[in-house]
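Q: Input: one structure, supplied below.
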Number of protein chains: 2
Amino acid sequence: MPRGRPEPKRADMVTIADVARHAGVAVSTVSYVLSGKRTISADTRARVLASIHTLGYHPHAGARALASRRSNVIALVLPLRSGMHLPVLMQFATAVVTTARAVDHDVLLVTADEGPAGLRRIAASAMVDGIIVMDVELHDRRIAVLRDLERPSVLIGLPADAAGLTVVDLDFDRAGAACAEYLAGLGHTSIALLGAPAVVYERNTAFAPRTMAGFLAAARLRGVDAVAQPCEESAEDVRQALTALLDRRPDLSGLVVHNEAAVAHVLAALPALGRRVPQDISVVAICPDEVAERALPPLTSVLIPAEEVGTQAVRLLMRKLMDEPVPPATLLGPRLTTRSSTAARPPAPVAARAAAVPAGRAPVG
Amino acid sequence: MPRGRPEPKRADMVTIADVARHAGVAVSTVSYVLSGKRTISADTRARVLASIHTLGYHPHAGARALASRRSNVIALVLPLRSGMHLPVLMQFATAVVTTARAVDHDVLLVTADEGPAGLRRIAASAMVDGIIVMDVELHDRRIAVLRDLERPSVLIGLPADAAGLTVVDLDFDRAGAACAEYLAGLGHTSIALLGAPAVVYERNTAFAPRTMAGFLAAARLRGVDAVAQPCEESAEDVRQALTALLDRRPDLSGLVVHNEAAVAHVLAALPALGRRVPQDISVVAICPDEVAERALPPLTSVLIPAEEVGTQAVRLLMRKLMDEPVPPATLLGPRLTTRSSTAARPPAPVAARAAAVPAGRAPVG
DNA sequence: GGCATGTTTGCAAGCGCTTTCCTATTGACC
DNA sequence: GGTCAATAGGAAAGCGCTTGCAAACATGCC
């Protein structure tokens, strides 16, 4: 067949040329109407839009990506294998997709097990404009790749060395503080934090010590007695830790648990030790809502704002795509939800101290 | 600037032309090495591959999609909003991504709330070659769109009218049968199925009646007394239903529960009615593994093979992309996992009939 | 009237790839 | 030696879009 003779097009595909012809304008005009990159008279614009509508035109993503060097797709790298707490992951993914769509981007789903090579692949093939990586590990092999990739990226979770990267996460410092302030506001004057297992602190994963520090600092500011300690995850360890704790501080009336696995054990052990929740002791958890809601009694908790993290991650990525400066780390404020595991000020057994602190400060968030 | 003069390229992007130059061959040769669409001498091929490797070349996805009319991306439409059982959804998504990657495709994540227009958009923009839609409703507004779309699709879940579509799902018929056969194999001679709430049967959602039919048919084949009935979800309704059931059939020793919400109530009600699980009565659930594992005692259960559904969905889609014929419906075999809620043959209270049926048939799956 | 200025639109050169033609080389067979 | 077929590789035409350049026209001002 002779080259260059325009044959009747394949039935399904409507191209920008079809639209231009139909509207009686040049192809470029259609393009500009769509991109808004130059002013088009109201008249022409309306005509073009009408043609687009009647023909049911959708620009070819590949062609657009080729010509504009933008795919309008972002990659979302998720640890789909398991381990992660699913509801959190889901909320996060939903927020990312929704936010991305709101700014005219789609989301390519990539599993973490594709590893560094996977990131390189999707970036180098210009499949995506940017990358959001969830569940970043402390010494993640991917961060080296991300750092020298030509595409921008946003990490969820703080790696050991975040220099040159953009990170979003919950502000665990303030989460700890929120718990302390909330309990102080309820009138509690002796509180404690049970944290992650000791090993987590040893390998200095950022979130654990930061929560502890925030908790202690806030308590000190409010003039409240506070201790914080790691907590192993077995029922027996929890029981022992609580026994020792209550032995040392019989007036303890507020407890923060930042350890998802230990939560149930704590709730089981307290009644056995003669402390009713919340009458004798208030318990605040730092955990997903689901865990808090399912506990008995449902727990007042500070939750990881997965949705907001997702939204922020996309926003930050978009700003990087537009070459706007972004802060290296964005830490999100904790949200405390009141449920049935906390009550105002200590009851009778510790009544001796009950009047010392004014109650009534509103919860954080 | 004068057009057509090859300026030094933008630093990051390695193109096929660079590879061709480096290997001393034509661009087309590189392309053919990559696609394998024509024979290349071993020598040339090796040289090209070496160049690709040293230059770190990755073909530009957009350019490839434009020229080849294939994006090598499939869309995965998920009901991310909630409602769905997350572990199942996650397993499914993971299987889809993994399988897709194994056949050199990526996955675009689309939320169900983009609706029919969203499907049209991603299809018409040639962003994806095919679409997998999860959680299809009985009268889904999207199936009309899918049907006249130029791109192939695979549905998870059976819509009312599946004509012209490709569907994958668990074979609920066989799931019901598997339960009956398993209980029969354990020596039980009087068994019952508690199904979904009545309303589900009324609106003839396919899965519920099919499970029931399979259960009854298999029981009849094995010469086992069986009844099946809908089951409401409140604790009180469950208790009443069980009471009535045990009243009518005091020798009942096998129970199948196909109702996620009622499972816990059944387990609570049975001891109250003087039946220990599994000593007096064996219970099999049709539910996600998670629910079965968390129950007390952990339940022998038939689970939805989410992973296999995902894998099959991708395989079917690939076959459609290659214009190979595929069956309109692919129903996957159930998998029964034995846990602690079932025991061999009826115990003492029904000893009168205990010798009637030989025990020992292996569980299904 | 002539020139600078502004507004609106068209022209056409690619973006990086696939694929259709086509040429060159080789070996086999008559 | 000549014809044919098979095998390897190259040249170049698009795929559908964006965007730099410039034309066309109107307007304002001297």
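Letters A, B, ... go to the chains of the structure tokens in the order shown; residues in each chain start at 1; ligands are counted from 1 in the same order.
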Find the residues near region 12-23 of chain D: any atom within 9 Å, counting only C-alpha atoms (C1' of nucleotides), skip ones fewer than 3 places away on the same chain, and give them as a VMD selection string.
A: (chain A and resid 3 to 4 15 to 17 28 31 to 32 59 to 68) or (chain B and resid 63 65 to 69) or (chain C and resid 9 to 11 15 17 to 18 20)
Q: Output the selection as a short mmCIF file (atom, residue, chain, number, x, y, z; two decimals), in the first residue's frame - N, CA and C atoms (P, O5', C5', C4', C3', O3' and C1' of nucleotides) for each residue.
A:
data_model
loop_
_atom_site.label_atom_id
_atom_site.label_comp_id
_atom_site.auth_asym_id
_atom_site.auth_seq_id
_atom_site.Cartn_x
_atom_site.Cartn_y
_atom_site.Cartn_z
N ARG A 3 2.36 4.71 0.87
CA ARG A 3 2.46 5.33 2.18
C ARG A 3 1.80 6.70 2.21
N GLY A 4 1.36 7.06 3.36
CA GLY A 4 0.88 8.42 3.55
C GLY A 4 -0.56 8.66 3.15
N THR A 15 -9.21 10.45 17.20
CA THR A 15 -7.97 11.16 17.46
C THR A 15 -8.21 12.67 17.52
N ILE A 16 -7.17 13.34 17.92
CA ILE A 16 -7.27 14.79 18.03
C ILE A 16 -7.51 15.40 16.65
N ALA A 17 -7.02 14.73 15.62
CA ALA A 17 -7.22 15.22 14.26
C ALA A 17 -8.71 15.16 13.90
N SER A 28 -3.53 21.80 16.81
CA SER A 28 -2.91 22.46 17.96
C SER A 28 -3.95 23.21 18.80
N SER A 31 -5.52 20.88 21.11
CA SER A 31 -4.58 20.58 22.18
C SER A 31 -4.56 21.69 23.22
N TYR A 32 -4.54 22.93 22.74
CA TYR A 32 -4.49 24.05 23.67
C TYR A 32 -5.79 24.21 24.45
N PRO A 59 -7.96 11.73 24.82
CA PRO A 59 -6.59 11.76 24.31
C PRO A 59 -5.87 10.45 24.57
N HIS A 60 -5.06 10.05 23.66
CA HIS A 60 -4.27 8.83 23.79
C HIS A 60 -3.16 9.04 24.79
N ALA A 61 -3.22 8.28 25.88
CA ALA A 61 -2.29 8.49 26.99
C ALA A 61 -0.84 8.33 26.55
N GLY A 62 -0.59 7.34 25.72
CA GLY A 62 0.79 7.09 25.29
C GLY A 62 1.33 8.23 24.45
N ALA A 63 0.53 8.66 23.53
CA ALA A 63 0.96 9.75 22.65
C ALA A 63 1.22 11.01 23.47
N ARG A 64 0.33 11.26 24.38
CA ARG A 64 0.49 12.44 25.22
C ARG A 64 1.78 12.33 26.04
N ALA A 65 1.99 11.16 26.60
CA ALA A 65 3.18 10.97 27.42
C ALA A 65 4.44 11.15 26.59
N LEU A 66 4.37 10.65 25.38
CA LEU A 66 5.54 10.75 24.50
C LEU A 66 5.86 12.20 24.17
N ALA A 67 4.84 12.93 23.81
CA ALA A 67 5.06 14.30 23.38
C ALA A 67 5.33 15.25 24.54
N SER A 68 4.66 15.01 25.64
CA SER A 68 4.74 15.99 26.73
C SER A 68 5.74 15.62 27.81
N ALA B 63 5.97 5.71 24.16
CA ALA B 63 6.32 5.55 22.75
C ALA B 63 5.95 4.16 22.28
N ALA B 65 3.67 2.21 23.54
CA ALA B 65 2.22 2.09 23.50
C ALA B 65 1.68 2.76 22.24
N LEU B 66 2.26 3.88 21.92
CA LEU B 66 1.79 4.62 20.75
C LEU B 66 2.02 3.82 19.47
N ALA B 67 3.20 3.29 19.34
CA ALA B 67 3.54 2.59 18.11
C ALA B 67 2.91 1.21 18.03
N SER B 68 2.82 0.56 19.14
CA SER B 68 2.39 -0.84 19.09
C SER B 68 0.91 -1.04 19.42
N ARG B 69 0.29 0.03 19.86
CA ARG B 69 -1.12 -0.05 20.26
C ARG B 69 -1.31 -1.03 21.42
P DT C 9 -9.32 31.66 18.31
"O5'" DT C 9 -8.26 31.02 17.32
"C5'" DT C 9 -8.39 31.25 15.91
"C4'" DT C 9 -7.12 30.80 15.22
"C3'" DT C 9 -6.87 29.30 15.23
"O3'" DT C 9 -7.25 28.80 13.97
"C1'" DT C 9 -4.87 30.60 15.46
P DG C 10 -7.16 27.30 13.56
"O5'" DG C 10 -5.81 27.25 12.70
"C5'" DG C 10 -5.62 28.20 11.66
"C4'" DG C 10 -4.24 28.03 11.07
"C3'" DG C 10 -3.87 26.58 10.75
"O3'" DG C 10 -3.21 26.55 9.49
"C1'" DG C 10 -2.25 27.54 12.20
P DC C 11 -2.91 25.16 8.79
"O5'" DC C 11 -1.32 25.11 8.69
"C5'" DC C 11 -0.57 26.32 8.73
"C4'" DC C 11 0.91 25.99 8.84
"C3'" DC C 11 1.32 24.57 8.43
"O3'" DC C 11 2.56 24.68 7.77
"C1'" DC C 11 1.94 24.96 10.68
P DC C 15 13.14 14.54 18.86
"O5'" DC C 15 12.15 13.89 19.92
"C5'" DC C 15 11.73 14.59 21.08
"C4'" DC C 15 10.68 13.77 21.77
"C3'" DC C 15 11.00 12.28 21.77
"O3'" DC C 15 11.61 11.95 23.02
"C1'" DC C 15 8.68 12.73 21.18
P DC C 17 12.85 4.25 22.90
"O5'" DC C 17 11.92 3.41 21.94
"C5'" DC C 17 10.80 2.76 22.47
"C4'" DC C 17 9.71 2.61 21.44
"C3'" DC C 17 9.86 1.41 20.51
"O3'" DC C 17 9.17 0.32 21.10
"C1'" DC C 17 9.07 3.38 19.37
P DT C 18 9.36 -1.13 20.43
"O5'" DT C 18 8.36 -1.05 19.20
"C5'" DT C 18 6.97 -1.08 19.43
"C4'" DT C 18 6.23 -1.11 18.11
"C3'" DT C 18 6.37 -2.41 17.33
"O3'" DT C 18 5.09 -2.66 16.78
"C1'" DT C 18 7.08 -0.60 15.99
P DT C 20 3.72 -5.14 9.89
"O5'" DT C 20 3.64 -4.58 8.39
"C5'" DT C 20 3.21 -3.25 8.18
"C4'" DT C 20 4.03 -2.61 7.07
"C3'" DT C 20 4.31 -3.55 5.88
"O3'" DT C 20 4.07 -2.83 4.69
"C1'" DT C 20 6.33 -2.62 6.66
#
Q: Residues of region 138-300 of chain B in strand (DSSP E) according to DSSP, as a list of chain:residue names?
A: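 Here are the strand (DSSP E) residues of region 138-300 of chain B: B:Ser153, B:Val154, B:Leu155, B:Ile156, B:Val167, B:Val168, B:Asp169, B:Leu170, B:Ser190, B:Ile191, B:Ala192, B:Leu193, B:Leu194, B:Asp225, B:Ala226, B:Val227, B:Ala228, B:Gln229, B:Gly254, B:Leu255, B:Val256, B:Val257, B:Ser282, B:Val283, B:Val284, B:Ala285, B:Ile286, B:Thr300.
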Q: Once you have the residues from the selection above, write them out as a compact mmCIF listing (two decimals), in the first residue's frame, restricted to C-alpha atoms.
A:
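Wrote it out as part21.txt, contents follow:
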# COMPACT_ATOMS: atom_id res chain seq x y z
CA SER B 153 -12.41 -7.42 30.56
CA VAL B 154 -12.85 -10.03 33.25
CA LEU B 155 -15.36 -9.79 36.06
CA ILE B 156 -15.07 -11.15 39.55
CA VAL B 167 -16.52 -14.13 34.76
CA VAL B 168 -14.38 -15.78 37.44
CA ASP B 169 -15.59 -16.75 40.86
CA LEU B 170 -15.62 -19.40 43.52
CA SER B 190 -27.80 -35.64 60.07
CA ILE B 191 -26.54 -32.27 58.99
CA ALA B 192 -27.82 -28.80 58.33
CA LEU B 193 -26.84 -25.62 56.53
CA LEU B 194 -27.49 -22.16 57.89
CA ASP B 225 -30.17 -36.39 56.15
CA ALA B 226 -29.80 -32.72 55.39
CA VAL B 227 -31.75 -29.50 55.69
CA ALA B 228 -30.81 -26.04 54.59
CA GLN B 229 -32.34 -22.75 55.56
CA GLY B 254 -23.06 -31.50 61.65
CA LEU B 255 -23.66 -27.85 60.90
CA VAL B 256 -22.54 -25.70 58.01
CA VAL B 257 -22.65 -21.92 58.45
CA SER B 282 -19.23 -30.39 64.18
CA VAL B 283 -19.31 -26.92 62.63
CA VAL B 284 -18.01 -25.99 59.20
CA ALA B 285 -18.01 -22.39 58.06
CA ILE B 286 -17.87 -20.93 54.60
CA THR B 300 -12.95 -25.91 59.90
Q: Near chain B, which residues of chain D fall within 7 Å when you count only C-alpha atoms (C1' of nucleotides), and what do they look like as a compact mmCIF listing (two decimals) with N, CA and C atoms (P, O5', C5', C4', C3', O3' and C1' of nucleotides), in the first residue's frame?
A:
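The resulting file, result32.txt, is shown below:
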# COMPACT_ATOMS: atom_id res chain seq x y z
P DA D 8 19.08 -15.86 10.46
O5' DA D 8 20.12 -14.68 10.22
C5' DA D 8 19.97 -13.91 9.06
C4' DA D 8 20.90 -12.73 9.12
C3' DA D 8 20.65 -11.82 10.32
O3' DA D 8 21.84 -11.08 10.59
C1' DA D 8 19.77 -10.83 8.33
P DG D 9 21.82 -9.93 11.74
O5' DG D 9 21.38 -8.69 10.87
C5' DG D 9 22.36 -7.99 10.12
C4' DG D 9 21.69 -6.87 9.39
C3' DG D 9 21.20 -5.73 10.30
O3' DG D 9 21.93 -4.57 9.95
C1' DG D 9 19.56 -6.35 8.71
P DG D 10 21.74 -3.20 10.73
O5' DG D 10 21.03 -2.35 9.58
C5' DG D 10 21.62 -2.36 8.28
C4' DG D 10 20.79 -1.50 7.35
C3' DG D 10 20.35 -0.17 7.95
O3' DG D 10 20.40 0.83 6.94
C1' DG D 10 18.45 -1.40 7.32
P DC D 15 -0.56 7.12 11.11
O5' DC D 15 -0.46 6.72 12.64
C5' DC D 15 -0.58 5.37 13.06
C4' DC D 15 -0.29 5.32 14.53
C3' DC D 15 -0.88 6.48 15.32
O3' DC D 15 -2.12 6.06 15.88
C1' DC D 15 1.43 6.03 15.94
Q: Near chain A, meaning an atom within 8 Å, which residues of chain B appear when counting only C-alpha atoms? Write them as number ranges by chain.
A: B: 12-13, 57-66, 71, 80-81, 86-87, 90, 94, 97-98, 106-111, 121, 124-127, 150
Q: Write the residues of the preceding selection, restricted to C-alpha atoms, as a compact mmCIF listing (two decimals), in the first residue's frame.
A:
# COMPACT_ATOMS: atom_id res chain seq x y z
CA ASP B 12 18.75 10.90 31.71
CA MET B 13 16.91 9.34 28.83
CA TYR B 57 18.20 1.17 28.46
CA HIS B 58 14.49 0.90 29.26
CA PRO B 59 12.05 1.37 26.41
CA HIS B 60 9.80 4.39 26.75
CA ALA B 61 6.41 3.03 27.70
CA GLY B 62 4.48 5.80 26.03
CA ALA B 63 6.32 5.55 22.75
CA ARG B 64 5.91 1.83 22.75
CA ALA B 65 2.22 2.09 23.50
CA LEU B 66 1.79 4.62 20.75
CA SER B 71 0.27 -0.44 26.78
CA LEU B 80 -11.67 0.52 47.90
CA ARG B 81 -14.32 2.33 49.85
CA LEU B 86 -10.05 -6.64 53.33
CA PRO B 87 -7.84 -9.70 53.61
CA MET B 90 -5.72 -7.86 49.45
CA THR B 94 -1.59 -9.23 45.27
CA VAL B 97 -0.24 -7.78 40.41
CA THR B 98 2.10 -10.73 40.75
CA ASP B 106 1.69 -3.58 35.04
CA VAL B 107 -1.44 -2.80 36.98
CA LEU B 108 -3.31 0.46 37.13
CA LEU B 109 -5.33 0.82 40.29
CA VAL B 110 -8.79 2.25 39.75
CA THR B 111 -11.38 2.75 42.44
CA ARG B 121 -11.83 6.92 30.29
CA ALA B 124 -10.56 5.07 25.49
CA SER B 125 -7.29 6.73 26.39
CA ALA B 126 -5.52 3.47 25.59
CA MET B 127 -4.04 3.56 29.02
CA GLU B 150 -13.24 -2.24 22.66
Q: Give me the residues within 8 Å of Leu216 (chain B) as an MDAnalysis selection string, counting only C-alpha atoms (C1' of nucleotides) and dropping any in the same chain fewer than 3 places off.
A: chainID B and resid 176:177 180 212:213 219:220 226:228
Q: Would you export the selected residues with C-alpha atoms as a CSV table (one decimal), in the first residue's frame, please?
A:
chain,number,residue,atom,x,y,z
B,176,GLY,CA,-21.7,-26.4,49.5
B,177,ALA,CA,-21.1,-29.9,48.3
B,180,ALA,CA,-21.7,-31.9,53.0
B,212,MET,CA,-27.5,-24.5,49.3
B,213,ALA,CA,-28.3,-26.6,46.3
B,219,ALA,CA,-25.9,-34.9,51.1
B,220,ARG,CA,-28.5,-36.8,49.2
B,226,ALA,CA,-29.8,-32.7,55.4
B,227,VAL,CA,-31.7,-29.5,55.7
B,228,ALA,CA,-30.8,-26.0,54.6
Q: If we count only C-alpha atoms (C1' of nucleotides), what is near DA4 (chain C) at a cut-off of 12 Å, once residues fewer than 6 positions away on the same chain are taken out, given as an MDAnalysis selection string?
A: chainID D and resid 27:30
Q: When distances are computed from only C-alpha atoms (C1' of nucleotides), which of B:Glu233, B:Arg21, B:Leu34, B:Leu165 shows the smallest separation from chain C?
A: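 Using only C-alpha atoms (C1' of nucleotides), chain C sits closest to B:Leu34.
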Q: Could you list, as a list in words, every residue within 7 Å of region 47-53 of chain A, counting only C-alpha atoms (C1' of nucleotides) and ignoring same-chain residues fewer than 2 positions away?
A: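 In the requested format, the answer is Val19, His22, Ala23, Val30, Asp43, Thr44, Arg45, Leu55, Gly56 and Tyr57 of chain A.
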